[in-house]
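Below is the file model02.txt, which contains compact mmCIF, C-alpha atoms and all ligand atoms.
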# COMPACT_ATOMS: atom_id res chain seq x y z
CA MET F 1 17.55 -11.35 30.47
CA THR F 2 17.54 -12.53 26.88
CA VAL F 3 16.71 -10.60 23.75
CA ILE F 4 13.03 -11.18 22.85
CA TYR F 5 12.86 -9.10 19.63
CA GLN F 6 15.85 -8.39 17.37
CA LYS F 7 14.58 -5.07 16.05
CA VAL F 8 11.86 -3.02 17.72
CA ALA F 9 10.40 -0.04 15.85
CA LEU F 10 8.67 2.53 18.06
CA ILE F 11 6.31 4.77 16.10
CA GLY F 12 5.71 7.83 18.27
CA LEU F 13 8.39 8.64 20.85
CA GLY F 14 6.45 10.10 23.78
CA LEU F 15 5.85 9.02 27.37
CA ILE F 16 4.84 5.43 26.66
CA ALA F 17 7.36 4.66 23.88
CA SER F 18 10.24 6.25 25.79
CA SER F 19 9.33 4.29 28.92
CA MET F 20 9.29 1.11 26.81
CA ALA F 21 12.70 1.99 25.36
CA HIS F 22 14.17 2.55 28.85
CA ALA F 23 12.62 -0.67 30.19
CA MET F 24 13.78 -2.75 27.20
CA ARG F 25 17.31 -1.34 27.43
CA ALA F 26 17.54 -1.78 31.20
CA LYS F 27 16.71 -5.47 30.79
CA GLY F 28 18.34 -6.18 27.42
CA LEU F 29 15.10 -7.23 25.75
CA ALA F 30 15.68 -5.78 22.26
CA GLY F 31 18.63 -6.26 19.91
CA GLN F 32 18.06 -2.84 18.37
CA ILE F 33 15.53 -0.05 18.96
CA VAL F 34 14.63 2.29 16.12
CA GLY F 35 12.00 4.99 16.03
CA HIS F 36 9.98 7.61 14.25
CA ALA F 37 8.13 10.67 15.55
CA LYS F 38 6.37 13.44 13.71
CA SER F 39 8.81 16.24 14.56
CA ALA F 40 12.53 16.42 13.83
CA GLU F 41 12.97 17.83 17.34
CA THR F 42 11.55 14.73 19.05
CA ARG F 43 13.61 12.47 16.79
CA ALA F 44 16.77 14.39 17.71
CA VAL F 45 15.99 14.13 21.45
CA ALA F 46 15.38 10.37 21.08
CA LEU F 47 18.88 9.98 19.65
CA GLU F 48 20.48 12.39 22.08
CA ILE F 49 19.20 10.63 25.22
CA GLY F 50 19.71 7.14 23.79
CA LEU F 51 16.11 6.01 23.42
CA CYS F 52 16.75 4.83 19.87
CA ASP F 53 19.81 3.47 18.06
CA GLN F 54 18.46 5.04 14.88
CA VAL F 55 15.58 7.36 14.00
CA PHE F 56 13.84 7.81 10.67
CA ALA F 57 11.96 10.72 9.11
CA THR F 58 9.15 8.38 8.01
CA ALA F 59 7.34 5.53 9.77
CA ALA F 60 7.68 3.41 6.62
CA GLU F 61 11.49 3.50 6.84
CA ALA F 62 11.46 2.80 10.59
CA VAL F 63 9.45 -0.45 10.34
CA ALA F 64 11.62 -2.06 7.63
CA GLY F 65 13.04 -5.33 8.96
CA ALA F 66 11.53 -4.89 12.44
CA ASP F 67 10.15 -8.01 14.15
CA LEU F 68 8.13 -5.83 16.55
CA VAL F 69 6.42 -2.55 15.63
CA VAL F 70 4.71 -0.58 18.40
CA LEU F 71 2.28 2.20 17.48
CA ALA F 72 2.61 4.73 20.31
CA VAL F 73 0.95 7.78 18.74
CA PRO F 74 -2.37 9.40 19.79
CA VAL F 75 -5.37 7.21 18.87
CA GLY F 76 -6.50 9.65 16.16
CA ALA F 77 -3.16 9.26 14.32
CA MET F 78 -3.20 5.43 14.17
CA ALA F 79 -5.09 5.01 10.85
CA ALA F 80 -2.75 7.17 8.78
CA ILE F 81 0.34 5.54 10.31
CA ALA F 82 -1.04 2.03 9.69
CA ALA F 83 -1.79 2.90 6.05
CA GLU F 84 1.74 4.19 5.62
CA ILE F 85 3.58 1.23 7.19
CA GLY F 86 1.35 -1.60 5.89
CA PRO F 87 3.28 -2.26 2.67
CA HIS F 88 6.65 -2.07 4.48
CA LEU F 89 6.06 -4.54 7.31
CA ALA F 90 8.31 -7.61 7.39
CA ALA F 91 6.72 -11.05 6.98
CA GLY F 92 6.19 -12.67 10.40
CA ALA F 93 6.45 -9.35 12.26
CA THR F 94 4.17 -8.42 15.15
CA VAL F 95 2.43 -5.05 15.22
CA SER F 96 1.06 -3.85 18.55
CA ASP F 97 -0.18 -0.50 19.82
CA VAL F 98 -0.51 1.18 23.19
CA GLY F 99 -3.66 3.23 22.52
CA SER F 100 -6.05 3.93 25.38
CA VAL F 101 -9.06 2.84 23.28
CA LYS F 102 -9.19 -0.54 21.55
CA GLN F 103 -12.19 -0.92 19.22
CA ALA F 104 -11.45 2.28 17.29
CA VAL F 105 -7.74 1.42 16.99
CA ILE F 106 -8.52 -2.07 15.70
CA ALA F 107 -10.94 -0.62 13.12
CA ALA F 108 -8.27 1.89 12.05
CA VAL F 109 -5.26 -0.44 11.92
CA GLN F 110 -6.42 -3.98 11.08
CA PRO F 111 -7.38 -3.25 7.43
CA HIS F 112 -3.77 -2.22 6.71
CA ILE F 113 -2.08 -5.30 8.21
CA PRO F 114 -0.93 -7.68 5.44
CA MET F 115 -1.27 -11.47 5.56
CA GLY F 116 1.52 -13.07 7.58
CA VAL F 117 1.87 -10.11 9.98
CA HIS F 118 0.40 -10.46 13.48
CA PHE F 119 -1.61 -7.55 14.86
CA ILE F 120 -1.98 -7.78 18.65
CA PRO F 121 -3.54 -4.62 20.14
CA GLY F 122 -2.48 -3.60 23.65
CA HIS F 123 -2.88 -0.99 26.36
CA PRO F 124 -0.46 -0.41 29.23
CA MET F 125 -2.54 0.88 32.13
CA ALA F 126 0.18 3.14 33.41
CA GLY F 127 0.92 6.76 32.75
CA THR F 128 1.63 10.18 34.13
CA GLU F 129 0.35 13.64 33.21
CA TYR F 130 3.64 14.31 31.39
CA SER F 131 4.34 13.71 27.72
CA GLY F 132 7.15 13.71 25.19
CA PRO F 133 10.42 11.77 24.77
CA ARG F 134 12.00 13.04 27.99
CA SER F 135 9.08 12.02 30.21
CA GLY F 136 9.60 8.24 30.14
CA PHE F 137 11.25 6.07 32.78
CA ALA F 138 12.11 2.36 32.97
CA THR F 139 9.88 1.53 35.94
CA LEU F 140 6.63 3.06 34.62
CA PHE F 141 5.10 -0.37 33.98
CA ASP F 142 6.25 -2.08 37.18
CA ASN F 143 3.37 -4.05 38.70
CA ARG F 144 0.85 -2.29 36.43
CA TRP F 145 -1.62 -4.07 34.15
CA TRP F 146 -0.96 -4.27 30.40
CA LEU F 147 -4.10 -5.40 28.62
CA LEU F 148 -3.87 -7.24 25.29
CA THR F 149 -6.97 -7.62 23.10
CA PRO F 150 -6.02 -10.30 20.54
CA ALA F 151 -8.49 -11.64 17.97
CA ALA F 152 -9.70 -15.22 18.40
CA ASP F 153 -7.45 -16.46 15.57
CA THR F 154 -4.26 -14.70 16.78
CA ASP F 155 -1.13 -16.83 16.43
CA ASN F 156 -0.30 -18.27 19.86
CA GLN F 157 3.44 -18.10 19.43
CA ALA F 158 3.30 -14.40 18.49
CA LEU F 159 0.99 -13.69 21.42
CA ASN F 160 3.23 -15.49 23.92
CA ARG F 161 6.30 -13.66 22.64
CA LEU F 162 4.63 -10.27 23.13
CA ARG F 163 3.36 -11.39 26.53
CA ASP F 164 6.95 -12.31 27.48
CA LEU F 165 8.18 -8.83 26.51
CA VAL F 166 5.47 -7.07 28.48
CA HIS F 167 6.16 -9.25 31.51
CA ALA F 168 9.89 -8.64 31.25
CA MET F 169 9.24 -4.87 31.21
CA GLY F 170 7.66 -5.31 34.66
CA ALA F 171 3.94 -5.37 33.87
CA LYS F 172 1.21 -7.88 34.63
CA VAL F 173 -0.54 -9.12 31.48
CA ASP F 174 -4.20 -9.87 30.92
CA THR F 175 -6.21 -10.47 27.74
CA MET F 176 -9.63 -8.95 27.17
CA ASP F 177 -12.30 -8.51 24.53
CA PRO F 178 -11.88 -5.04 22.91
CA ALA F 179 -15.46 -3.88 23.61
CA HIS F 180 -15.17 -4.93 27.24
CA HIS F 181 -11.82 -3.13 27.48
CA ASP F 182 -13.40 0.09 26.26
CA LEU F 183 -16.25 -0.13 28.78
CA VAL F 184 -13.91 -0.93 31.69
CA LEU F 185 -11.62 1.95 30.73
CA ALA F 186 -14.59 4.32 30.46
CA VAL F 187 -15.30 3.53 34.13
CA VAL F 188 -11.80 3.48 35.60
CA SER F 189 -10.05 6.11 33.51
CA HIS F 190 -11.88 8.01 30.79
CA THR F 191 -14.91 9.30 32.73
CA PRO F 192 -12.83 10.15 35.85
CA HIS F 193 -10.56 12.23 33.60
CA LEU F 194 -13.57 14.04 32.16
CA ILE F 195 -14.86 14.75 35.66
CA ALA F 196 -11.45 16.12 36.67
CA TYR F 197 -11.36 18.35 33.58
CA THR F 198 -14.87 19.56 34.45
CA MET F 199 -14.12 20.25 38.12
CA VAL F 200 -11.05 22.30 37.26
CA GLY F 201 -13.14 24.13 34.66
CA VAL F 202 -15.82 24.86 37.31
CA ALA F 203 -13.23 26.31 39.71
CA ASP F 204 -11.85 28.39 36.88
CA HIS F 205 -15.27 29.87 36.21
CA LEU F 206 -16.23 30.43 39.85
CA ALA F 207 -16.13 34.17 40.37
CA GLN F 208 -16.54 34.02 44.17
CA VAL F 209 -13.34 32.04 44.76
CA SER F 210 -10.29 34.04 43.89
CA ASN F 211 -7.52 32.28 42.03
CA SER F 212 -5.17 32.60 44.96
CA GLU F 213 -7.62 30.80 47.27
CA VAL F 214 -8.07 27.94 44.79
CA ILE F 215 -4.32 27.48 44.65
CA GLN F 216 -3.64 28.10 48.34
CA TYR F 217 -6.16 25.54 49.58
CA SER F 218 -5.87 23.07 46.70
CA ALA F 219 -4.43 20.25 48.87
CA THR F 220 -7.96 19.51 50.09
CA GLY F 221 -8.70 17.29 47.07
CA PHE F 222 -8.72 19.78 44.23
CA ARG F 223 -4.97 19.34 43.71
CA ASP F 224 -5.48 15.77 42.52
CA PHE F 225 -8.09 16.94 40.02
CA THR F 226 -5.67 19.55 38.67
CA ARG F 227 -2.95 16.93 38.18
CA ILE F 228 -5.26 14.71 36.14
CA ALA F 229 -6.68 17.70 34.27
CA SER F 230 -3.19 18.68 33.10
CA SER F 231 -2.90 15.49 30.98
CA ASP F 232 -2.11 15.78 27.28
CA PRO F 233 -4.98 17.52 25.40
CA THR F 234 -4.39 15.66 22.10
CA MET F 235 -4.40 12.23 23.70
CA TRP F 236 -7.53 12.91 25.73
CA ARG F 237 -9.41 14.61 22.88
CA ASP F 238 -8.83 11.44 20.84
CA VAL F 239 -9.90 9.16 23.72
CA PHE F 240 -13.28 10.90 24.02
CA LEU F 241 -13.83 11.05 20.26
CA THR F 242 -13.10 7.34 19.84
CA ASN F 243 -14.62 5.80 23.00
CA LYS F 244 -17.78 7.86 22.64
CA ASP F 245 -20.46 5.22 23.32
CA ALA F 246 -18.91 3.75 26.46
CA VAL F 247 -18.08 7.17 27.93
CA LEU F 248 -21.60 8.49 27.23
CA ASP F 249 -23.06 5.36 28.87
CA ILE F 250 -20.98 5.83 32.03
CA LEU F 251 -21.57 9.60 32.08
CA GLY F 252 -25.33 8.96 31.97
CA ARG F 253 -25.04 6.67 34.99
CA PHE F 254 -22.81 9.23 36.72
CA ALA F 255 -25.40 11.97 36.21
CA GLU F 256 -28.12 9.75 37.70
CA GLU F 257 -26.04 9.01 40.82
CA LEU F 258 -25.15 12.68 41.13
CA PHE F 259 -28.83 13.61 41.16
CA VAL F 260 -29.48 11.00 43.87
CA LEU F 261 -26.74 12.51 46.07
CA GLN F 262 -27.85 16.03 45.23
CA ARG F 263 -31.36 15.16 46.41
CA ALA F 264 -30.03 13.50 49.60
CA ILE F 265 -28.13 16.71 50.40
CA ARG F 266 -31.16 18.88 49.66
CA MET F 267 -33.44 16.68 51.81
CA GLY F 268 -30.86 16.40 54.62
CA ASP F 269 -30.83 12.59 54.26
CA GLY F 270 -27.67 11.87 56.26
CA ASP F 271 -28.28 8.11 56.37
CA GLN F 272 -28.26 7.88 52.60
CA LEU F 273 -25.04 9.90 52.33
CA PHE F 274 -23.40 7.85 55.08
CA ASP F 275 -24.35 4.52 53.46
CA TYR F 276 -23.14 5.72 50.05
CA PHE F 277 -19.77 6.88 51.39
CA THR F 278 -19.37 3.63 53.34
CA ARG F 279 -19.77 1.64 50.12
CA THR F 280 -17.26 3.79 48.22
CA ARG F 281 -14.75 3.52 51.07
CA ALA F 282 -14.87 -0.27 50.72
CA ILE F 283 -13.97 0.07 47.02
CA ARG F 284 -10.87 2.10 47.97
CA ARG F 285 -9.86 -0.60 50.46
CA GLY F 286 -10.19 -3.20 47.67
CA ILE F 287 -7.87 -1.19 45.40
CA ILE F 288 -5.21 -0.99 48.13
CA GLU F 289 -5.53 -4.69 48.93
CA ALA F 290 -5.06 -5.47 45.22
CA GLY F 291 -1.74 -3.56 45.33
CA GLN F 292 -2.94 -0.91 42.85
CA ASP F 293 -2.33 2.05 45.19
CA THR F 294 -0.77 2.91 48.52
CA SER F 295 -2.55 3.34 51.85
CA ALA F 296 -0.03 6.02 52.88
CA PRO F 297 -1.55 9.39 53.79
CA ASP F 298 -1.77 11.82 50.85
CA PHE F 299 -1.22 8.88 48.45
CA GLY F 300 2.38 8.54 49.68
CA ARG F 301 3.25 11.74 47.88
CA VAL F 302 6.99 12.34 47.96
CA GLY F 303 7.51 14.52 44.90
CA PRO F 304 5.50 16.68 42.54
CA SER F 305 3.82 13.77 40.78
CA LYS F 306 2.89 10.11 40.86
CA THR F 307 1.82 7.65 38.19
CA HIS F 308 -1.79 6.81 37.42
CA ASP F 309 -3.75 4.42 35.26
CA ALA F 310 -4.60 5.75 31.84
P1 LIG E 1 2.99 11.62 23.97
O1 LIG E 1 3.96 11.61 25.09
O2 LIG E 1 2.15 12.83 23.75
O3 LIG E 1 3.77 11.27 22.62
C1 LIG E 1 3.12 11.08 21.39
C2 LIG E 1 4.16 10.79 20.34
O4 LIG E 1 3.49 10.51 19.12
C3 LIG E 1 5.11 11.95 20.08
O5 LIG E 1 6.40 11.44 19.89
C4 LIG E 1 4.57 12.53 18.77
O6 LIG E 1 5.58 13.10 17.98
C5 LIG E 1 4.08 11.28 18.09
N1 LIG E 1 3.08 11.55 17.06
C6 LIG E 1 1.90 12.19 17.19
N2 LIG E 1 1.25 12.21 16.01
C7 LIG E 1 2.06 11.57 15.13
C8 LIG E 1 1.98 11.28 13.75
N3 LIG E 1 0.91 11.63 13.03
N4 LIG E 1 3.01 10.63 13.18
C9 LIG E 1 4.09 10.27 13.88
N5 LIG E 1 4.25 10.53 15.19
C10 LIG E 1 3.23 11.16 15.79
O7 LIG E 1 1.96 10.40 24.04
P2 LIG E 1 1.89 9.14 25.03
O8 LIG E 1 1.38 9.60 26.35
O9 LIG E 1 3.12 8.35 24.96
O10 LIG E 1 0.67 8.37 24.34
C11 LIG E 1 0.86 7.55 23.22
C12 LIG E 1 -0.28 6.56 23.13
O11 LIG E 1 -0.33 5.83 24.36
C13 LIG E 1 -1.66 7.19 22.96
O12 LIG E 1 -2.40 6.44 22.04
C14 LIG E 1 -2.29 7.10 24.34
O13 LIG E 1 -3.70 6.92 24.25
C15 LIG E 1 -1.62 5.86 24.90
N6 LIG E 1 -1.48 5.82 26.37
C16 LIG E 1 -1.11 6.95 27.07
C17 LIG E 1 -0.99 6.89 28.43
C18 LIG E 1 -0.62 8.11 29.24
O14 LIG E 1 -0.91 8.20 30.43
N7 LIG E 1 0.02 9.09 28.65
C19 LIG E 1 -1.21 5.67 29.11
C20 LIG E 1 -1.54 4.53 28.36
C21 LIG E 1 -1.67 4.62 26.98
P3 LIG E 1 6.08 14.61 18.24
O15 LIG E 1 6.74 14.61 19.58
O16 LIG E 1 7.06 14.84 17.14
O17 LIG E 1 4.85 15.47 18.18
Kindly return the structure encoded in the file as structure tokens.
Ligand code: NAP
Amino acid sequence: MTVIYQKVALIGLGLIASSMAHAMRAKGLAGQIVGHAKSAETRAVALEIGLCDQVFATAAEAVAGADLVVLAVPVGAMAAIAAEIGPHLAAGATVSDVGSVKQAVIAAVQPHIPMGVHFIPGHPMAGTEYSGPRSGFATLFDNRWWLLTPAADTDNQALNRLRDLVHAMGAKVDTMDPAHHDLVLAVVSHTPHLIAYTMVGVADHLAQVSNSEVIQYSATGFRDFTRIASSDPTMWRDVFLTNKDAVLDILGRFAEELFVLQRAIRMGDGDQLFDYFTRTRAIRRGIIEAGQDTSAPDFGRVGPSKTHDA
């Protein structure tokens, strides 16, 4: 493939940035990849395993001369990073991000983007429960959605160039309004994560079930909750703090449905439970038909982990 950006600066060198670095290198999409992360340890690992050609102690140094800058830090860290790099961005450069929430990131970053620099927010809907510079792999984005939320007046050429990169890294690209993105993600990712965190917390507090029983019989569904509930605490804290309205809206609806099912169980209303579970089964079939998961038993588990949307 051909080089799409001459110099890519990755700010934050965790799961998503390292997967991007591997994917760009595997396909020759970047002339040079440079990076910055908060800790000297992460920066050293990024050099050691060849994620970056060069690393810098500050984000401001890393973005100098870059034609693509990707903000791959937790959502809560975006504002300070944007303020730091703003004055150092090259004219004509594109700045994107990979944050799991879009409206809050746009509010935090946009004010620091100078005239002549294109800000195109994005969100790869792919992840694992692992984090850090060693957790990335080149195929993370294969056949997964990467949502871009450009403003109405975004430069078309800059948008198409970023779209080309995302495509070349293996992902499918779609554009979306930021508010709609945040609502959709509250349904498909954020609230399910909160429910998983809660369920694992419930098991932890349940005195009647000994720890060994919870672990021994965890393959009956609980295991998948524990995998999701082991996701990075910083990232998920920031997601809930910054996508508050949409998550509270969906949680309210969730609580209402839960009460309906709770009542059906209490009243012994088998028909209602059966109809409900029949509808949800159809949704699962739709996901498999859309190629977003496997129909293999136990989710086609072959190793200790599999990827998920995030
Ligand atoms: P990660 O593996 O935890 O890595 C985060 C990186 O950001 C680390 O390199 C960390 O540096 C760096 N960092 C944190 N605060 C910083 C600061 N103030 N200044 C400079 N560097 C800083 O995170 P990730 O999973 O790649 O997530 C990154 C972004 O992608 C988040 O916004 C998240 O919402 C989004 N996202 C995540 C997933 C997922 O499943 N993980 C999926 C889609 C989108 P140190 O290592 O030195 O601490």
Counting only C-alpha atoms and all ligand atoms, what are the residues of chain F within 7 Å of ligand LIG 1 (chain E), and for each of them which pair of atoms is the nearest and at what distance in Å, to one decimal? Sort the table by chain and rising number, as a Markdown table.
| residue | atom | partner | partner_atom | distance |
| --- | --- | --- | --- | --- |
| F:Ile11 | CA | E:LIG1 | N5 | 6.2 |
| F:Gly12 | CA | E:LIG1 | O4 | 3.6 |
| F:Leu13 | CA | E:LIG1 | O5 | 3.6 |
| F:Gly14 | CA | E:LIG1 | O3 | 3.1 |
| F:Leu15 | CA | E:LIG1 | O9 | 3.7 |
| F:Ile16 | CA | E:LIG1 | O9 | 3.8 |
| F:Ala17 | CA | E:LIG1 | O9 | 5.7 |
| F:His36 | CA | E:LIG1 | C9 | 6.5 |
| F:Ala37 | CA | E:LIG1 | N5 | 3.9 |
| F:Lys38 | CA | E:LIG1 | O16 | 3.8 |
| F:Ser39 | CA | E:LIG1 | O16 | 3.4 |
| F:Ala40 | CA | E:LIG1 | O16 | 6.6 |
| F:Glu41 | CA | E:LIG1 | O16 | 6.6 |
| F:Thr42 | CA | E:LIG1 | O15 | 4.8 |
| F:Arg43 | CA | E:LIG1 | O16 | 7.0 |
| F:Ala72 | CA | E:LIG1 | C11 | 4.4 |
| F:Val73 | CA | E:LIG1 | O4 | 3.7 |
| F:Pro74 | CA | E:LIG1 | O12 | 3.7 |
| F:Val75 | CA | E:LIG1 | O12 | 4.4 |
| F:Ala77 | CA | E:LIG1 | N3 | 4.9 |
| F:Ile81 | CA | E:LIG1 | N4 | 6.4 |
| F:Val98 | CA | E:LIG1 | O11 | 4.8 |
| F:Gly99 | CA | E:LIG1 | O12 | 3.5 |
| F:Ser100 | CA | E:LIG1 | O13 | 4.0 |
| F:Val101 | CA | E:LIG1 | O13 | 6.8 |
| F:His123 | CA | E:LIG1 | C21 | 5.8 |
| F:Pro124 | CA | E:LIG1 | C20 | 5.1 |
| F:Met125 | CA | E:LIG1 | C20 | 5.3 |
| F:Ala126 | CA | E:LIG1 | C19 | 5.2 |
| F:Gly127 | CA | E:LIG1 | O14 | 3.3 |
| F:Thr128 | CA | E:LIG1 | O14 | 4.9 |
| F:Glu129 | CA | E:LIG1 | O14 | 6.2 |
| F:Tyr130 | CA | E:LIG1 | O1 | 6.9 |
| F:Ser131 | CA | E:LIG1 | O1 | 3.4 |
| F:Gly132 | CA | E:LIG1 | O1 | 3.8 |
| F:Pro133 | CA | E:LIG1 | O5 | 6.3 |
| F:Asp232 | CA | E:LIG1 | O2 | 6.3 |
| F:Met235 | CA | E:LIG1 | O13 | 5.4 |
| F:Val239 | CA | E:LIG1 | O13 | 6.6 |
| F:Asp309 | CA | E:LIG1 | O14 | 6.8 |
| F:Ala310 | CA | E:LIG1 | C19 | 4.4 |
Checklist entry - Taking all atoms listed in the file into account, which of F:Met199, F:Val117, F:Val173, F:Ala46 comes nearest Gly136 of chain F? => result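 Closest candidate: F:Ala46.
Note that atom CA of Ala255 of chain F and atom CA of Pro178 of chain F are 25.5 Å apart.
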Next on the checklist: Would you pick out the contacts of segment 137-149 of chain F at 8 Å or less, using all atoms listed in the file, so that residues sharing its chain but fewer than 5 positions from it are not included, and give the list as an NGL selection string?
Outcome noted: :F and (18-24 or 26 or 102 or 120-127 or 166 or 169-178 or 181 or 292 or 307)
For the selection you just gave me, I'd like the residues written to a file as a PDB file, keeping the file's coordinate frame, keeping C-alpha atoms.
ATOM      1  CA  SER F  18      10.240   6.250  25.790  1.00  0.00           C
ATOM      2  CA  SER F  19       9.330   4.290  28.920  1.00  0.00           C
ATOM      3  CA  MET F  20       9.290   1.110  26.810  1.00  0.00           C
ATOM      4  CA  ALA F  21      12.700   1.990  25.360  1.00  0.00           C
ATOM      5  CA  HIS F  22      14.170   2.550  28.850  1.00  0.00           C
ATOM      6  CA  ALA F  23      12.620  -0.670  30.190  1.00  0.00           C
ATOM      7  CA  MET F  24      13.780  -2.750  27.200  1.00  0.00           C
ATOM      8  CA  ALA F  26      17.540  -1.780  31.200  1.00  0.00           C
ATOM      9  CA  LYS F 102      -9.190  -0.540  21.550  1.00  0.00           C
ATOM     10  CA  ILE F 120      -1.980  -7.780  18.650  1.00  0.00           C
ATOM     11  CA  PRO F 121      -3.540  -4.620  20.140  1.00  0.00           C
ATOM     12  CA  GLY F 122      -2.480  -3.600  23.650  1.00  0.00           C
ATOM     13  CA  HIS F 123      -2.880  -0.990  26.360  1.00  0.00           C
ATOM     14  CA  PRO F 124      -0.460  -0.410  29.230  1.00  0.00           C
ATOM     15  CA  MET F 125      -2.540   0.880  32.130  1.00  0.00           C
ATOM     16  CA  ALA F 126       0.180   3.140  33.410  1.00  0.00           C
ATOM     17  CA  GLY F 127       0.920   6.760  32.750  1.00  0.00           C
ATOM     18  CA  VAL F 166       5.470  -7.070  28.480  1.00  0.00           C
ATOM     19  CA  MET F 169       9.240  -4.870  31.210  1.00  0.00           C
ATOM     20  CA  GLY F 170       7.660  -5.310  34.660  1.00  0.00           C
ATOM     21  CA  ALA F 171       3.940  -5.370  33.870  1.00  0.00           C
ATOM     22  CA  LYS F 172       1.210  -7.880  34.630  1.00  0.00           C
ATOM     23  CA  VAL F 173      -0.540  -9.120  31.480  1.00  0.00           C
ATOM     24  CA  ASP F 174      -4.200  -9.870  30.920  1.00  0.00           C
ATOM     25  CA  THR F 175      -6.210 -10.470  27.740  1.00  0.00           C
ATOM     26  CA  MET F 176      -9.630  -8.950  27.170  1.00  0.00           C
ATOM     27  CA  ASP F 177     -12.300  -8.510  24.530  1.00  0.00           C
ATOM     28  CA  PRO F 178     -11.880  -5.040  22.910  1.00  0.00           C
ATOM     29  CA  HIS F 181     -11.820  -3.130  27.480  1.00  0.00           C
ATOM     30  CA  GLN F 292      -2.940  -0.910  42.850  1.00  0.00           C
ATOM     31  CA  THR F 307       1.820   7.650  38.190  1.00  0.00           C
TER      32      THR F 307
END
Next on the checklist: Please report the interatomic distance between atom CA of Val69 of chain F and atom CA of Thr94 of chain F in Å with one decimal.
Outcome noted: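 Interatomic distance, atom CA of Val69 of chain F to atom CA of Thr94 of chain F: 6.3 Å.
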Item to check | For Ile250 of chain F, the nearest of the candidates F:Val184, F:Ala290, F:Ile228, F:Ala44, counting only C-alpha atoms | outcome: F:Val184
Checklist entry - Quick one: residues within 10 Å of Gly65 of chain F, all atoms listed in the file counted, chain neighbours fewer than 6 positions away excluded, as a VMD selection string? => result chain F and resid 6 to 9 88 to 91 93
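Those residues that approach Gly92 of chain F to within 9 Å, counting all atoms listed in the file, are Asp67, Met115, Gly116, Val117, His118 and Ala158 of chain F; same-chain residues fewer than 5 positions away are not listed.
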Keeping only C-alpha atoms, write those residues as a PDB file, in the frame of the given file.
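Here's the written file selection_19.pdb:
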ATOM      1  CA  ASP F  67      10.150  -8.010  14.150  1.00  0.00           C
ATOM      2  CA  MET F 115      -1.270 -11.470   5.560  1.00  0.00           C
ATOM      3  CA  GLY F 116       1.520 -13.070   7.580  1.00  0.00           C
ATOM      4  CA  VAL F 117       1.870 -10.110   9.980  1.00  0.00           C
ATOM      5  CA  HIS F 118       0.400 -10.460  13.480  1.00  0.00           C
ATOM      6  CA  ALA F 158       3.300 -14.400  18.490  1.00  0.00           C
TER       7      ALA F 158
END
Item to check | Option closest in space to Phe225 of chain F, from F:Asn243, F:Asn156, F:Asn211, F:Thr198 [counting all atoms listed in the file] | outcome: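 Of the candidates, the smallest distance to Phe225 of chain F is held by F:Thr198.
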Checklist entry - In Å, how far is it from atom CA of Arg281 of chain F to atom CA of Leu248 of chain F? => result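 It comes out at 25.3 Å.
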Next on the checklist: Using all atoms listed in the file, can you tell me which of F:Phe119, F:Ile265, F:Val63, F:Val188 comes closest to Thr154 of chain F?
Outcome noted: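 Selected residue with least distance to Thr154 of chain F: F:Phe119.
Taking all atoms listed in the file, the non-local environment of Phe240 of chain F within 12 Å (same-chain residues fewer than 2 positions away omitted) comprises Pro74, Val75, Gly76, Ser100, Val101, Ala104, Asp182, Leu185, Ala186, Ser189, His190, Thr191, Pro192, His193, Leu194, Pro233, Thr234, Met235, Trp236, Arg237, Asp238, Thr242, Asn243, Lys244, Asp245, Ala246, Val247, Leu248 and Leu251 of chain F.
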Item to check | Minimum-distance residue to Ile106 of chain F, chosen among F:Ala168, F:Ala179, F:Ile33, F:Ile287 (using all atoms listed in the file) | outcome: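 Once distances to Ile106 of chain F are computed over all atoms listed in the file, the minimum belongs to F:Ala179.
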Next on the checklist: Which residue is closest to Val34 of chain F? Choose from F:Glu61, F:Asp224, F:Glu48, F:Asp293 and count all atoms listed in the file.
Outcome noted: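 Closest to Val34 of chain F of all the choices is F:Glu61.
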